[in-house]
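Data block below; observations after.
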Amino acid sequence: MTSNIYLLEISIFVLGFFSVNLDLAACVNFSEAFELNWAPHHIISEGDQIKLTLDNISGCGFESKKKYLFGQASVQIKLIEGDSAGTVTAFYISSEGTNHDELDFEFLGNVSGEPYLVQTNIYVNGTGNREQRHTLWFDPTLDFHTYSFFWNRHCILFLVDRIPIRVFTNKEENGVLFPRNQAMSIRGSVWNADDWATQGGRVKTNWTHAPFVSTFRSFIIDACELLPETDDILAQCGKLSGFWWDKPAFDGLNRHRSHQLKWVQRRHLSSPLAEMEMTAQSLSRANLPSCSPSFLHSKATLSASKLVVPFQSSKNYTAKLKFDRIRLRKQRNLGVICASESESETKTATDVTDRWLLEPAGDGDSRHIGFKVQMPDSFEIASSEVTVGRLPDKADVVIPVATVSGVHARIQKKGGNLLVTDLDSTNGTFINDQRLRPGVVSKVPPGSFLIFGDIHLAMFRVSKLENVDSTESKPEESADNLESNTATEDTSTD
C-alpha cells in the first residue's frame, strides 16, 4: 500500500512538468540512432551499455545519426571510478561549423576522494563563455544517473535525475542570443583535458590507472527531428504549439521546480573560492606544491600586484601594510575610479572622504579563456557609486575578460561602508565564497575578497585606506621611515 501511494506521488510530481514524457518515451536502440565518429575501437558495446574508454593513445566519441531542434534528450551515465583527474566525460548536443550552437554537460574528473564537478555551457552562434560548475549530491561513479536537456523557444533546462540545475531563459528582447535556429546532433565522448579540467590543470592524468571508462545507457530522444528530405528546420520544427514542449505549461519552471533549482544553486553551485579550497586540499593530499592563495591555509593574506604579505597580530603588520601600499603606488599605475555620471547630491561627507582600494588577487591564469589576458591594475573607489563590467562604454571600472558581464556589478560607498550589488551577471559576484543574489545590496568587509565571476582574472582584495595626509604628501620619505621601522620590529618579532 505504501509503495502504491509513493508511486502515485511520483506520478503526480512528474505530471507537474515534462517528466511524464520522459517516462513514456522508449529508449532508442544505440546502433540504430548513433554512429561512432571518433576512435571506434575505444568504444565497447555490452548489452544495453556503451563503454567509452580513454587511454594515453586516444579518447573516443559517438554522435546521433539525425539532428534535432527543440524537445528533450537524456541518457544515464556511470562516470569514471577512482582517480579520474584530468579526464572529461561529455554529454552534449551541437550543430556544425564555426558559428555553431551547443549545449554541454562536461563531467570534470578529480583525484580519489574529491567530488566530480559538472560544468555546463551554452554556445550560441559560435560563442560560449557561459560556463557554470556544480557539485553533485551523490557519487556519480557508484551507479547510473540521468542527465537531460530540455529546450524550446522559451528556455533551456539542464537536469540531473530530473532536478533542474540550470535554466537559460530566452532574453532575445534584451539582445541576448538564444539557440533556436540550428538543428543539433546528440553526442557523447571521453577525452583527456589535464591542461585545465582538474584544479585548473595543476593535477595531471595518471595514466597508470588507464583505461578510464565511462558507461552510457538508456538513451531517450523526444525531439523534433530534421528529416532528410528538407533542410528547413524552422519550417519543420518552429511551428507554434505543434509539439508538446510548445504548450504554455512548458514556458518555464513550475513552483516545485523553482524550489528545486534554488536548492541546487544554494548548495551545489560551485563558487570560485570553493574550487580553490578543493584545489588546495587535493594538492595537499597529492603531496604537490600548492599554487593556491595561502589564505586557504592561514588566517588571511593581502595580495597586491606580485606581493603577498601574511597577516600578523602585531604593529609590525600595520607598518608593512602602509609601506606596501605606498610602494604599490610607486610601482604601478594606481587608477582612481570616478563614476562617469554626476554623483548623487545625497552623498555624505563620509562617502566622499572614505577611501577604498581594490587590489588584484587572482593568479592570472587565463587558460580557461583561451588566450592571454592582462591582469587588471589596482584601483581606488573615488566616487560614491561606480559600475564594474567588461564594456568600456557602459562600465566605470572596466575588466576586459570574457567571463565578466558587460555591466557586472555596482559598487557604492555609503555610511562608511563599501556596498556591492550584482547586476544579474552571468557568472555571479562573490564576497569570499558567498555568491550574491542579483539585485541585493551586500556589505563588503575590509580584508575580504571580491570576485566578479572569475577567480583567476577578476578577484580583488578590498582594503579601507586611512586618510593620512602626511604619509601621502611625501611618499618616498614615508616609505624609507616605514621600511626602517619595519626592519627594527622584525628583529624582535618571533
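Ligands are numbered from 1 in the order shown, residues from 1 within each chain, and chains are lettered A, B, ... in the order they appear in the C-alpha cells.
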
Practice task
Might you pull out every residue within 8 Å of range 176-189 of chain A, with only C-alpha atoms counted and same-chain residues fewer than 5 positions away left off, and present them as an MDAnalysis selection string?
Solution key: chainID A and resid 52 59:70 73 89:96 100:102 123:125 152:153 170:171 226 233:234

Exercise for the section: Just list the residues in range 30-153 of chain A DSSP gives strand (DSSP E) on the backbone, as a ChimeraX atom specification. Expected result: /A:34-38,43-46,49-54,60-64,68-78,87-94,102-108,117-123,132-134,145-151

Exercise for the section: Name the residues in contact with Ser258 in chain A at a cut-off of 12 Å, using only C-alpha atoms, excluding same-chain residues fewer than 3 positions from it; report them as a PyMOL selection string. Expected result: chain A and resi 16-17+157+163-167+252-255+261-265

Written file, previous selection with C-alpha atoms, as an mmCIF file, in the first residue's frame:
data_model
loop_
_atom_site.group_PDB
_atom_site.id
_atom_site.type_symbol
_atom_site.label_atom_id
_atom_site.label_comp_id
_atom_site.auth_asym_id
_atom_site.auth_seq_id
_atom_site.Cartn_x
_atom_site.Cartn_y
_atom_site.Cartn_z
ATOM 1 C CA GLY A 16 3.799 18.845 -12.924
ATOM 2 C CA PHE A 17 6.387 19.390 -15.610
ATOM 3 C CA LEU A 157 16.965 23.303 -18.831
ATOM 4 C CA ILE A 163 16.115 18.075 -10.915
ATOM 5 C CA PRO A 164 16.976 21.329 -12.717
ATOM 6 C CA ILE A 165 20.487 22.572 -12.001
ATOM 7 C CA ARG A 166 20.473 25.385 -14.555
ATOM 8 C CA VAL A 167 17.953 27.380 -16.581
ATOM 9 C CA GLY A 252 9.271 27.872 -17.641
ATOM 10 C CA LEU A 253 9.577 26.229 -14.245
ATOM 11 C CA ASN A 254 6.607 25.478 -12.066
ATOM 12 C CA ARG A 255 6.723 26.296 -8.365
ATOM 13 C CA LEU A 261 16.598 24.981 -8.657
ATOM 14 C CA LYS A 262 17.058 27.343 -5.708
ATOM 15 C CA TRP A 263 18.126 24.407 -3.541
ATOM 16 C CA VAL A 264 20.730 23.355 -6.111
ATOM 17 C CA GLN A 265 22.023 26.902 -6.523
#

Completion exercise
Residue with the minimum atom-to-atom distance to Thr429 in chain A, picked from A:Leu457, A:Val404, A:Val397, A:Ala361 with only C-alpha atoms counted, is A:Val404

Exercise for the section: Considering only C-alpha atoms, state which residue in the set A:Ser58, A:Gln76, A:Gln119, A:Ser463 is at the smallest distance from Thr198 in chain A. Expected result: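 Of all the options, A:Gln119 lies closest to Thr198 in chain A.
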
Exercise for the section: Would you please work out which residue, of A:Trp207, A:Pro392, A:Leu108, A:Phe219, is nearest to Ser31 in chain A when using only C-alpha atoms? Expected result: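 Between A:Trp207, A:Pro392, A:Leu108, A:Phe219, the residue approaching Ser31 in chain A most closely is A:Phe219.
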
Exercise for the section: Tell me, as a PyMOL selection string, which residues lie within 9 Å of Pro360 in chain A, counting only C-alpha atoms; anything in the same chain fewer than 2 positions away does not count. Expected result: chain A and resi 303-305+358+362-363+375-379+457-461

Keeping C-alpha atoms for every residue in the selection just given, could you write it to a file as a CSV table (one decimal), in the first residue's frame?
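What follows is the written file result-v4.csv:
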chain,number,residue,atom,x,y,z
A,303,SER,CA,47.7,40.2,-2.3
A,304,ALA,CA,48.8,43.3,-4.1
A,305,SER,CA,50.5,43.1,-7.5
A,358,LEU,CA,40.7,47.1,-4.7
A,362,GLY,CA,44.0,36.4,-8.8
A,363,ASP,CA,46.7,34.2,-10.2
A,375,MET,CA,45.8,41.4,-15.2
A,376,PRO,CA,43.8,44.5,-14.1
A,377,ASP,CA,45.5,47.2,-12.1
A,378,SER,CA,44.7,48.2,-8.5
A,379,PHE,CA,42.1,50.9,-8.3
A,457,LEU,CA,41.4,37.4,-13.6
A,458,ALA,CA,38.8,39.3,-11.7
A,459,MET,CA,39.4,38.7,-7.9
A,460,PHE,CA,40.3,41.7,-5.8
A,461,ARG,CA,41.2,42.2,-2.1

Problem - DSSP-assigned helix (DSSP H, G or I) among range 417-472 of chain A, expressed as a ChimeraX atom specification - result: /A:469-472

Exercise for the section: Identify which of the residues A:Thr141, A:Gln49, A:Asn121, A:Thr215 lies closest to Ile77 in chain A, counting only C-alpha atoms when measuring atom-to-atom distances. Expected result: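 Smallest separation from Ile77 in chain A among the options: A:Thr215.
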
Handout entry: Residue nearest Gly71 in chain A among A:Ser442, A:Thr87, A:Ser148, A:Thr387 (counting only C-alpha atoms)
Key = A:Ser148

Exercise for the section: Find the residues near Gly200 in chain A: any atom within 10 Å, counting only C-alpha atoms, skip ones fewer than 3 places away on the same chain, and give them as a list in words. Expected result: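 Non-adjacent residues within range: Gly86, Asp194, Asp195, Trp196, Ala197, Val203, Lys204, Glu275, Met276, Thr279, Asp365, Ser366, Arg367, His368 and His456 of chain A.
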
Output of the above residues as a compact mmCIF listing (two decimals), in the first residue's frame, restricted to N, CA and C atoms:
# COMPACT_ATOMS: atom_id res chain seq x y z
N GLY A 86 42.05 14.86 -14.62
CA GLY A 86 42.47 15.16 -15.99
C GLY A 86 41.53 14.70 -17.06
N ASP A 194 43.84 17.32 -19.23
CA ASP A 194 44.54 17.61 -17.99
C ASP A 194 45.26 18.95 -18.00
N ASP A 195 45.14 19.71 -19.10
CA ASP A 195 45.70 21.06 -19.10
C ASP A 195 44.76 22.06 -18.43
N TRP A 196 43.50 21.65 -18.13
CA TRP A 196 42.58 22.57 -17.48
C TRP A 196 41.50 21.91 -16.61
N ALA A 197 41.21 20.64 -16.82
CA ALA A 197 39.99 20.05 -16.25
C ALA A 197 40.03 19.92 -14.73
N VAL A 203 46.61 19.29 -11.54
CA VAL A 203 46.68 17.85 -11.35
C VAL A 203 46.51 17.17 -12.70
N LYS A 204 47.49 16.37 -13.08
CA LYS A 204 47.51 15.75 -14.40
C LYS A 204 46.91 14.35 -14.36
N GLU A 275 36.17 26.16 -5.18
CA GLU A 275 37.02 25.37 -6.08
C GLU A 275 38.48 25.52 -5.68
N MET A 276 38.89 26.73 -5.27
CA MET A 276 40.27 26.93 -4.86
C MET A 276 40.59 26.15 -3.59
N THR A 279 41.08 22.68 -4.53
CA THR A 279 42.40 22.55 -5.14
C THR A 279 43.47 22.41 -4.08
N ASP A 365 45.83 33.19 -14.30
CA ASP A 365 45.70 32.05 -15.21
C ASP A 365 44.55 32.30 -16.18
N SER A 366 44.84 32.34 -17.48
CA SER A 366 43.81 32.63 -18.49
C SER A 366 43.56 31.45 -19.42
N ARG A 367 43.96 30.25 -19.01
CA ARG A 367 43.77 29.09 -19.89
C ARG A 367 42.29 28.78 -20.13
N HIS A 368 41.44 29.10 -19.16
CA HIS A 368 40.01 28.86 -19.35
C HIS A 368 39.41 29.85 -20.34
N HIS A 456 40.44 33.83 -11.32
CA HIS A 456 41.80 33.98 -11.83
C HIS A 456 42.11 35.41 -12.26

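Every protein, DNA or RNA residue with an atom at most 9 Å from His145 in chain A, where only C-alpha atoms count and chain neighbours fewer than 3 positions away do not, is listed here: Val75, Gln76, Ile77, Lys78, Pro140, Val160 and Asp161 of chain A.
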
File dump, residues just selected, N, CA and C atoms, as a PDB file, in the first residue's frame:
ATOM      1  N   VAL A  75      20.200  10.680 -21.039  1.00  0.00           N
ATOM      2  CA  VAL A  75      20.997   9.468 -21.004  1.00  0.00           C
ATOM      3  C   VAL A  75      21.352   9.180 -19.552  1.00  0.00           C
ATOM      4  N   GLN A  76      21.592   7.922 -19.264  1.00  0.00           N
ATOM      5  CA  GLN A  76      22.096   7.539 -17.955  1.00  0.00           C
ATOM      6  C   GLN A  76      23.587   7.258 -18.084  1.00  0.00           C
ATOM      7  N   ILE A  77      24.376   7.817 -17.148  1.00  0.00           N
ATOM      8  CA  ILE A  77      25.831   7.683 -17.199  1.00  0.00           C
ATOM      9  C   ILE A  77      26.351   7.244 -15.836  1.00  0.00           C
ATOM     10  N   LYS A  78      27.294   6.333 -15.863  1.00  0.00           N
ATOM     11  CA  LYS A  78      28.094   5.985 -14.689  1.00  0.00           C
ATOM     12  C   LYS A  78      29.515   6.432 -14.989  1.00  0.00           C
ATOM     13  N   PRO A 140      28.658  10.073  -8.476  1.00  0.00           N
ATOM     14  CA  PRO A 140      28.232   9.642  -9.818  1.00  0.00           C
ATOM     15  C   PRO A 140      29.010   8.454 -10.358  1.00  0.00           C
ATOM     16  N   VAL A 160      19.502  16.960 -13.694  1.00  0.00           N
ATOM     17  CA  VAL A 160      20.186  15.788 -13.165  1.00  0.00           C
ATOM     18  C   VAL A 160      19.166  15.016 -12.339  1.00  0.00           C
ATOM     19  N   ASP A 161      18.891  13.784 -12.758  1.00  0.00           N
ATOM     20  CA  ASP A 161      17.843  12.980 -12.119  1.00  0.00           C
ATOM     21  C   ASP A 161      16.550  13.780 -12.015  1.00  0.00           C
TER      22      ASP A 161
END

Handout entry: Close residues, Arg410 in chain A itself excluded, 6 Å, only C-alpha atoms, min 5 positions apart in chain, as a PyMOL selection string
Key = chain A and resi 386-387+420-421

Store the residues of this selection in a file with C-alpha atoms, as a tab-separated table (two decimals), in the first residue's frame.
chain	number	residue	atom	x	y	z
A	386	VAL	CA	30.65	53.13	-9.79
A	387	THR	CA	29.78	50.23	-12.06
A	420	VAL	CA	28.22	45.83	-3.86
A	421	THR	CA	25.21	44.75	-5.91

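Using only C-alpha atoms, the smallest distance between any of A:Asn99, A:Ser74, A:Asn192, A:Gln374 and Phe158 in chain A comes from A:Ser74.
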